[in-house]
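Chemist: Shown below is the structure under consideration.
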Amino acid sequence: MIDTGQTPWMLCGNGKSSRKLSRPAGALRLHTEPHDDHTNGDFVFSPPAVVVAHAGAAESMRKANTIERNQKLAGEYPGMSEAMKGYRQVLPHIEFQQKMTLISESARWSSST
């Protein structure tokens, strides 16, 4: 799966598709960028999912104020408090330099920085 949605509510609080994904579909998270609106839902899938991002993403995510942003969102949107239960920031397990290609039986994904 590529990115995880803008808020945990979008991903799991509304009870729609993402929570129902099978483990294979959620086993690999590919980030297109390190901002919260792409990474906030990682906690729903990892573990066991492995998060992949470009070099420097983990440091950028550490510096971002994810917890404070989520607390603010919880007060602004109905359902966010429930969706955020168990929230924790998940940093990339794998970071790549310049280019990375992942090949599976059913898909090929290539990215470059």
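Going through the structure tokens in order, the chains are called A, B, and so on, while each chain numbers its residues from 1 and the ligands are numbered from 1 in the order shown.
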Show me, as a PyMOL selection string, the residues that have an atom within 9 Å of Met61 (chain A) when counting only C-alpha atoms, minus same-chain residues fewer than 5 positions from it.
Modeler: chain A and resi 34-36+39+56+66+89-91
Chemist: Given the selection you just returned, output its residues as a file containing all heavy atoms, formatted as a tab-separated table (two decimals), in the first residue's frame.
Modeler:
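The result, stored in part_7.tsv:
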```tsv
chain	number	residue	atom	x	y	z
A	34	PRO	N	7.48	12.16	3.64
A	34	PRO	CA	7.43	11.89	5.07
A	34	PRO	C	6.41	12.70	5.86
A	34	PRO	O	6.37	12.60	7.08
A	34	PRO	CB	8.86	12.25	5.52
A	34	PRO	CG	9.26	13.35	4.61
A	34	PRO	CD	8.63	13.01	3.28
A	35	HIS	N	5.57	13.48	5.21
A	35	HIS	CA	4.60	14.32	5.94
A	35	HIS	C	3.48	13.48	6.55
A	35	HIS	O	3.13	12.41	6.04
A	35	HIS	CB	4.01	15.37	5.01
A	35	HIS	CG	5.05	16.21	4.35
A	35	HIS	ND1	5.03	16.49	3.02
A	35	HIS	CD2	6.17	16.80	4.85
A	35	HIS	CE1	6.06	17.24	2.70
A	35	HIS	NE2	6.78	17.43	3.80
A	36	ASP	N	2.92	14.00	7.64
A	36	ASP	CA	1.85	13.29	8.37
A	36	ASP	C	0.71	12.85	7.47
A	36	ASP	O	0.12	11.79	7.70
A	36	ASP	CB	1.27	14.18	9.47
A	36	ASP	CG	2.22	14.36	10.63
A	36	ASP	OD1	3.27	13.69	10.67
A	36	ASP	OD2	1.89	15.17	11.50
A	39	THR	N	1.75	9.51	6.24
A	39	THR	CA	2.33	8.49	7.13
A	39	THR	C	1.54	8.23	8.40
A	39	THR	O	1.86	7.30	9.14
A	39	THR	CB	3.76	8.91	7.54
A	39	THR	OG1	3.70	10.11	8.32
A	39	THR	CG2	4.64	9.14	6.33
A	56	GLY	N	16.45	10.01	4.81
A	56	GLY	CA	16.15	11.22	5.56
A	56	GLY	C	14.72	11.31	6.05
A	56	GLY	O	14.37	12.20	6.82
A	66	THR	N	4.03	15.34	15.15
A	66	THR	CA	2.91	14.43	14.88
A	66	THR	C	1.94	14.31	16.05
A	66	THR	O	0.73	14.38	15.86
A	66	THR	CB	3.46	13.04	14.52
A	66	THR	OG1	4.34	13.19	13.41
A	66	THR	CG2	2.35	12.09	14.16
A	89	GLN	N	3.94	6.87	16.59
A	89	GLN	CA	4.62	7.18	15.34
A	89	GLN	C	5.46	5.98	14.92
A	89	GLN	O	6.20	5.41	15.72
A	89	GLN	CB	5.50	8.41	15.52
A	89	GLN	CG	6.11	8.87	14.21
A	89	GLN	CD	6.96	10.11	14.39
A	89	GLN	OE1	7.79	10.16	15.29
A	89	GLN	NE2	6.75	11.10	13.54
A	90	VAL	N	5.32	5.59	13.68
A	90	VAL	CA	6.11	4.49	13.12
A	90	VAL	C	7.07	5.09	12.11
A	90	VAL	O	6.65	5.68	11.11
A	90	VAL	CB	5.21	3.44	12.45
A	90	VAL	CG1	6.05	2.34	11.80
A	90	VAL	CG2	4.23	2.85	13.46
A	91	LEU	N	8.35	4.98	12.38
A	91	LEU	CA	9.37	5.48	11.47
A	91	LEU	C	9.73	4.42	10.43
A	91	LEU	O	9.53	3.22	10.68
A	91	LEU	CB	10.62	5.90	12.26
A	91	LEU	CG	10.39	7.00	13.28
A	91	LEU	CD1	11.66	7.23	14.10
A	91	LEU	CD2	9.94	8.29	12.62
```
Chemist: Could you work out how far CA of Gly41 (chain A) lies from CA of Ser104 (chain A), giving the answer in Å with one decimal?
Modeler: 23.2 Å
Chemist: Grab the CA of Met84 (chain A) to CA of Asp42 (chain A) distance for me, in Å with one decimal place.
Modeler: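 CA of Asp42 (chain A) lies at a distance of 11.5 Å from CA of Met84 (chain A).
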Chemist: Using only C-alpha atoms, can you tell me which of A:Glu76, A:Ala55, A:Lys63, A:Glu82 comes closest to Gln98 (chain A)?
Modeler: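 Looking only at the distances to Gln98 (chain A), the closest residue turns out to be A:Ala55.
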Chemist: Please identify all polymer residues within 8 Å of Leu28 (chain A), counting only C-alpha atoms, omitting same-chain residues fewer than 5 positions from it, and present them as a list in words.
Modeler: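 My reading of the contact set: Met1, Ala49, Val50, Val51 and Val52 of chain A.
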Chemist: Could you check which of A:Ser81, A:Ala74, A:Ser46, A:Ala53 is closest to Ile94 (chain A), using only C-alpha atoms?
Modeler: A:Ala53
Chemist: Which residues are near Glu33 (chain A)? Cut-off 8 Å, only C-alpha atoms, ignore same chain within fewer than 3 positions. Put them as number ranges by chain.
Modeler: A: 38, 53-54, 57
